[in-house]
Structure formats: structure tokens, C-alpha cells
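What follows is a single structure, written as C-alpha cells, with notes after it.
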Amino acid sequence: MKAGRHGLISEVARAAQVSVSTVSKVVHGRRDVGDATRARVEALLAEFGFERAGAEVNGPRQVLTVFRDLAGPYTLEVVRGIVTGAAEVGAHAVIGMTNRQPISRWLDECEAMGAAGMILVISMLAEQDQQRIVDQHIPVVLVDPLSEPVIEIPSIGVTNWKGGRTAVEHLLGLGHRRIGMLAGRPHSVAGAARLHGYRAALDEAGIAADPALIKSSDFDFEEAVEATTELLALPQPPTAVFAASDAQALGALEAARRAGRRVPDDLSLVSFDDTAVAAMASPPLTAVCQPFEDMGRIAVQTLIQLAEGRTVPAPRVELTTRLVVRESTGPPR
């Protein structure tokens with residue numbers, strides 16, 4: 001069976017008795033390869049039927065970026081960061097969605113279009129897809145993966161645990177003791193870390209986490225409306241809520257409005273993300289800020305390093321979050 005584009009690079013490297021990095025340098029026209037080695041590799045590339053993509057010969061490289069979907073404020077911020085990062089290295093970002101076709105098909109597409117590689121955002125990689133990426137040396141970088149990837153596939157994220165703890169510590173500092181949590185998907189690595197940060201802050205304050213105050217859902221507006229409505233209907237409702245995303249925080253705001261609760265007078269609210277909508281909400285949201293532009297830039301830089309056969313500095317990069325205090329939090333009544 002004919003190997004894929006990146007699989008061919010591996011085969012040529014073995015046949016030429018050089019590294020994948022060296023073959024990649026030849027493919028991308030790098031000058032730091034000896035003439036004899038370049039000639040040998042070029043001959044084998046032709047023998048193996050390797051065809052250079054037009055982007056490599058005539059124009060900028062393409063960076064394929066695939067999301068689960070393109071809904072919600074988080075996606076827009078990540079897209080902006082990746083497009084900016086791609087432009088800085090002279091590449092074009094091409095956007096796709098896994099709800100339209102599976103990741104295995106996108107891997108095929110990545111090879112067919114001759115892209116530098118693929119960035120996967122908030123996606124679950126099947127075991128066979130991970131194995132293919134590793135075996136064929138396909139340049140892939142994950143941003144906020146839903147599951148822990150194998151060490152050979154680098155990932156970019158933020159300090160989710162620290163951010164979650166910081167959010168709850170802020171509420172505790174205001175005097176809140178009954179704090180609800182709109183957690184993310186249970187299988188999400190980022191969502192689980194934010195929940196663990198919430199639990200850690202309560203534990204450090206000597207407060208037992210009440211399971212009734214924790215609602216797991218998707219990072220979704222409508223589900224957050226329903227979950228917050230349930231929290232506010234409890235015999236002892238929370239005086240504050242930590243939402244694991246801006247979309248969930250907006251849902252919490254809507255649920256509070258429907259229940260006649262004022263934010264922050266009757267309910268304080270902290271979000272996680274700090275996308276553009278956080279500052280535009282009514283009231284503006286106190287939020288844990290993710291450095292989206294840096295995430296996009298580093299994801300692209302890491303991908304280009306892989307495409308050029310270089311070793312990335314670390315398999316997992318975590319960028320620091322910070323708390324932005326606005327008008328959605330205050331002392332409990």
C-alpha cells in the first residue's frame with residue numbers, strides 16, 4: 001500500500017540513510033544540506049513518486065486547522081491567534097471542522113493538499129489516528145485536546161488548574177462560601193483541570209465541595225442556562241458561580257435574569273476564557289483570561305518546527321492565565 005505524503009518522507013529517509021529532518025529540509029528547499037546528500041535524497045524522492053505541493057514551490061505553505069465546530073466565542077479567538085501566527089511565518093491558515101468529516105479524513109486532506117501540517121483544536125484523537133500520525137511522522141499539534149495525547153504529539157494549552165483555583169480564591173476573598181461550578185465535559189482534560197482547581201481552592205479554605213453545587217455540561221450556552229436554573233432552585237442556592245467558559249457564563253447570566261436574580265448583587269459570577277464577549281456582557285464578566293494570540297502563535301511555530309524536521313522544545317506547553325476583575329463579582333448579601 002502506498003504510504004501517505006509524510007509516510008513517503010519517512011521511507012525516503014530510511015532508504016537514503018538520513019534523518020527525516022534532512023529529507024524535510026530538502027523538500028522545503030533548505031540550504032543546510034550537503035550537495036551529495038541533497039542529490040541522493042532528490043533521486044529517491046523522484047523514485048518513490050513524491051510530488052511537491054504547489055504551495056512549497058510557488059507560494060506560502062498552508063496550515064490546516066481543524067475545530068470540532070466554528071460556534072462560540074472561544075473558536076473565534078483561537079482562529080484569530082492561528083491566522084495571526086500563520087501570517088507571521090508566511091503561511092496561510094485553512095479552517096475545517098470535525099463535525100463535517102472525521103479526523104482520519106482530515107489527515108488525508110492534509111497530505112493531499114501538501115499542507116505543512118495540521119492543528120487540531122478541542123478534539124478527541126482516536127487511537128488509530130494517533131498511531132498514524134506517529135508512524136507517518138505527520139506534523140500535528142493539538143490545542144486544548146479532549147484527551148491526553150501520546151508524548152510524540154505536542155499539545156498547547158493553559159494553566160487550567162491554576163486558573164480554576166484563582167477564580168474560586170477570588171470569590172472566597174469576597175466572602176462567598178457557597179460557590180457553584182458550571183463544569184465542562186467530564187472527559188475534557190481542560191474542563192477536568194478547572195474543576196480540580198475549584199475543588200483545591202475550596203479545600204484550602206476548609207470548605208467541603210458540595211456535589212449538588214457542581215453541574216457538568218458541554219461548554220454550551222443553553223446547557224448552562226438549564227444547569228444554573230437548577231442551582232438557583234436549590235433550597236440553599238449558591239451565592240456565587242464559577243463557569244468553565246464564557247459561553248457557560250453567558251448562560252448563567254440569562255438564567256439569573258429569568259430567575260429575577262441580579263448579578264452581582266444576588267449572584268456573583270466568574271468566567272473562564274475572557275473572549276471579547278466577556279467585556280461586552282451585562283454586567284461585564286470577571287474572567288480568567290486565556291492568552292489566545294500566544295496560543296495560536298505557538299501552535300503554528302511548533303507545527304512549522306515539526307514540518308521542518310526539527311525537535312520541539314517540549315511535548316506539552318502550558319501558558320499562564322490571569323484573572324481580570326470586572327463588575328460581575330462582589331461580596332455576598
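A note on labels: chains of the C-alpha cells are A, B, ... as shown, every chain counts residues from 1, and ligands are counted from 1 in their shown order.
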- [ ] Find the residues near stretch 253-265 of chain A: any atom within 8 Å, counting only C-alpha atoms, skip ones fewer than 5 places away on the same chain, and give them as a ChimeraX atom specification.
- [x] /A:225-226,228-229,232,283,327-333
TODO: Show which residues sit within 12 Å of A:Asp210, as a PyMOL selection string. Count only C-alpha atoms, and ignore same-chain residues fewer than 2 positions away.
DONE: chain A and resi 177-181+198-199+202-203+207-208+212-215+231+236-238
Open item on the list: From the options A:Leu269, A:Val33, A:Ile119, A:Ala46, which residue's atoms come nearest to A:Gly296, counting only C-alpha atoms?
Closed with: A:Ile119
Task: Residues flagged strand (DSSP E or B) by DSSP in stretch 89-256 of chain A, as an MDAnalysis selection string - done: chainID A and resid 91:97 117:121 140:143 155:158 179:183 214:216 240:243
Given the selection you just returned, output its residues as a file containing N, CA, C and O atoms, formatted as a short mmCIF file (atom, residue, chain, number, x, y, z; two decimals), in the first residue's frame.
data_model
loop_
_atom_site.label_atom_id
_atom_site.label_comp_id
_atom_site.auth_asym_id
_atom_site.auth_seq_id
_atom_site.Cartn_x
_atom_site.Cartn_y
_atom_site.Cartn_z
N ALA A 91 2.69 31.82 6.22
CA ALA A 91 1.82 30.68 5.88
C ALA A 91 0.36 31.13 5.84
O ALA A 91 0.01 32.20 6.36
N HIS A 92 -0.49 30.31 5.21
CA HIS A 92 -1.92 30.57 5.16
C HIS A 92 -2.65 29.54 6.02
O HIS A 92 -2.36 28.35 5.94
N ALA A 93 -3.61 30.00 6.83
CA ALA A 93 -4.41 29.09 7.65
C ALA A 93 -5.64 28.64 6.86
O ALA A 93 -6.36 29.47 6.31
N VAL A 94 -5.86 27.34 6.81
CA VAL A 94 -7.05 26.76 6.18
C VAL A 94 -7.87 26.12 7.29
O VAL A 94 -7.36 25.34 8.09
N ILE A 95 -9.17 26.46 7.38
CA ILE A 95 -10.00 26.06 8.51
C ILE A 95 -10.96 24.93 8.11
O ILE A 95 -11.57 24.95 7.04
N GLY A 96 -11.12 23.94 9.00
CA GLY A 96 -12.06 22.85 8.79
C GLY A 96 -12.75 22.46 10.09
O GLY A 96 -12.41 22.97 11.16
N MET A 97 -13.70 21.54 10.00
CA MET A 97 -14.47 21.10 11.17
C MET A 97 -14.60 19.58 11.20
O MET A 97 -14.84 18.96 10.17
N GLY A 117 1.18 20.91 7.84
CA GLY A 117 0.71 20.02 8.88
C GLY A 117 -0.67 20.46 9.34
O GLY A 117 -1.32 21.28 8.69
N MET A 118 -1.10 19.93 10.49
CA MET A 118 -2.46 20.19 10.95
C MET A 118 -2.47 20.55 12.43
O MET A 118 -1.77 19.94 13.25
N ILE A 119 -3.27 21.54 12.77
CA ILE A 119 -3.53 21.92 14.16
C ILE A 119 -4.95 21.47 14.48
O ILE A 119 -5.90 21.85 13.79
N LEU A 120 -5.09 20.66 15.52
CA LEU A 120 -6.41 20.17 15.95
C LEU A 120 -6.81 20.88 17.23
O LEU A 120 -6.06 20.88 18.21
N VAL A 121 -7.98 21.49 17.24
CA VAL A 121 -8.44 22.28 18.38
C VAL A 121 -9.63 21.59 19.06
O VAL A 121 -10.63 21.27 18.41
N VAL A 140 1.48 17.29 13.45
CA VAL A 140 0.19 17.60 14.07
C VAL A 140 0.45 18.21 15.44
O VAL A 140 1.27 17.72 16.21
N VAL A 141 -0.27 19.30 15.73
CA VAL A 141 -0.21 19.96 17.04
C VAL A 141 -1.63 20.05 17.57
O VAL A 141 -2.55 20.41 16.83
N LEU A 142 -1.80 19.74 18.85
CA LEU A 142 -3.12 19.80 19.47
C LEU A 142 -3.23 21.05 20.34
O LEU A 142 -2.30 21.42 21.04
N VAL A 143 -4.40 21.69 20.27
CA VAL A 143 -4.70 22.82 21.15
C VAL A 143 -5.88 22.40 22.02
O VAL A 143 -6.94 22.01 21.50
N SER A 155 1.21 19.32 22.34
CA SER A 155 -0.06 19.99 22.61
C SER A 155 0.19 21.34 23.28
O SER A 155 1.19 21.53 23.98
N ILE A 156 -0.74 22.26 23.04
CA ILE A 156 -0.67 23.62 23.59
C ILE A 156 -1.91 23.85 24.44
O ILE A 156 -3.03 23.55 24.02
N GLY A 157 -1.74 24.37 25.63
CA GLY A 157 -2.87 24.67 26.49
C GLY A 157 -2.52 25.78 27.46
O GLY A 157 -1.54 26.51 27.26
N VAL A 158 -3.31 25.91 28.51
CA VAL A 158 -3.06 26.93 29.52
C VAL A 158 -3.08 26.28 30.90
O VAL A 158 -3.40 25.10 31.04
N ILE A 179 -20.32 28.20 46.75
CA ILE A 179 -19.92 28.55 45.39
C ILE A 179 -20.25 27.40 44.45
O ILE A 179 -19.78 26.27 44.64
N GLY A 180 -21.06 27.69 43.44
CA GLY A 180 -21.41 26.68 42.45
C GLY A 180 -20.37 26.61 41.34
O GLY A 180 -19.56 27.53 41.16
N MET A 181 -20.41 25.52 40.57
CA MET A 181 -19.48 25.33 39.46
C MET A 181 -20.21 24.80 38.25
O MET A 181 -20.89 23.78 38.31
N LEU A 182 -20.10 25.53 37.13
CA LEU A 182 -20.58 25.02 35.85
C LEU A 182 -19.37 24.41 35.16
O LEU A 182 -18.58 25.10 34.51
N ALA A 183 -19.18 23.12 35.37
CA ALA A 183 -18.00 22.42 34.86
C ALA A 183 -18.18 22.09 33.39
O ALA A 183 -19.28 22.11 32.85
N ILE A 214 -22.23 21.34 41.83
CA ILE A 214 -21.39 21.12 40.64
C ILE A 214 -22.25 20.55 39.51
O ILE A 214 -22.86 19.49 39.66
N LYS A 215 -22.32 21.26 38.40
CA LYS A 215 -23.11 20.83 37.25
C LYS A 215 -22.19 20.65 36.04
O LYS A 215 -21.60 21.61 35.56
N SER A 216 -22.07 19.42 35.58
CA SER A 216 -21.25 19.15 34.39
C SER A 216 -22.09 19.26 33.13
O SER A 216 -23.22 18.77 33.08
N ALA A 240 -22.51 32.44 44.60
CA ALA A 240 -21.57 32.72 43.51
C ALA A 240 -21.44 31.47 42.64
O ALA A 240 -21.67 30.35 43.11
N VAL A 241 -21.07 31.67 41.39
CA VAL A 241 -20.88 30.57 40.44
C VAL A 241 -19.59 30.80 39.65
O VAL A 241 -19.33 31.92 39.20
N PHE A 242 -18.82 29.74 39.49
CA PHE A 242 -17.66 29.76 38.60
C PHE A 242 -18.02 28.95 37.36
O PHE A 242 -18.33 27.77 37.45
N ALA A 243 -17.99 29.61 36.19
CA ALA A 243 -18.32 28.95 34.93
C ALA A 243 -17.03 28.62 34.19
O ALA A 243 -16.12 29.44 34.10
#
Task: Minimum-distance residue to A:Gly184, chosen among A:Ala249, A:Val18, A:Val277, A:Ala233 (using only C-alpha atoms) - done: A:Ala249
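Taking atom CA of A:Pro291 as the reference point, atom CA of A:Asp218 is found at 21.7 Å.
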- [ ] Quote the spacing between atom CA of A:Asp135 and atom CA of A:Arg100 in Å to one decimal place.
- [x] 25.4 Å
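With only C-alpha atoms as the atoms that count, the minimum distance from A:Arg105 to the choices A:Ala15, A:Ile122, A:Val66, A:Gln131 is reached by A:Val66.
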- [ ] Name the closest residue to A:Thr239 among the candidates A:Ser268, A:Gln301, A:Gln17, A:Ser217; distances are taken between atoms, counting only C-alpha atoms.
- [x] A:Ser268
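Taking only C-alpha atoms into account, A:Leu319 lies nearest to A:Lys162 out of the set A:His170, A:Arg38, A:Arg68, A:Lys162.
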TODO: Within 12 Å of A:Gln62, counting only C-alpha atoms, which residues show up once you throw out same-chain ones fewer than 5 positions away? Write them as number ranges by chain, please.
DONE: A: 53-56, 82-83, 86-87, 89-95, 109-119, 300, 303-304, 307
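From atom CA of A:Ala252 back to atom CA of A:Leu267, the distance works out to 9.8 Å.
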Task: Distance query A:Ala201 at most 10 Å, only C-alpha atoms, self and fewer than 2 positions along chain excluded, as a PyMOL selection string - done: chain A and resi 162+164-172+196-199+203-207+209
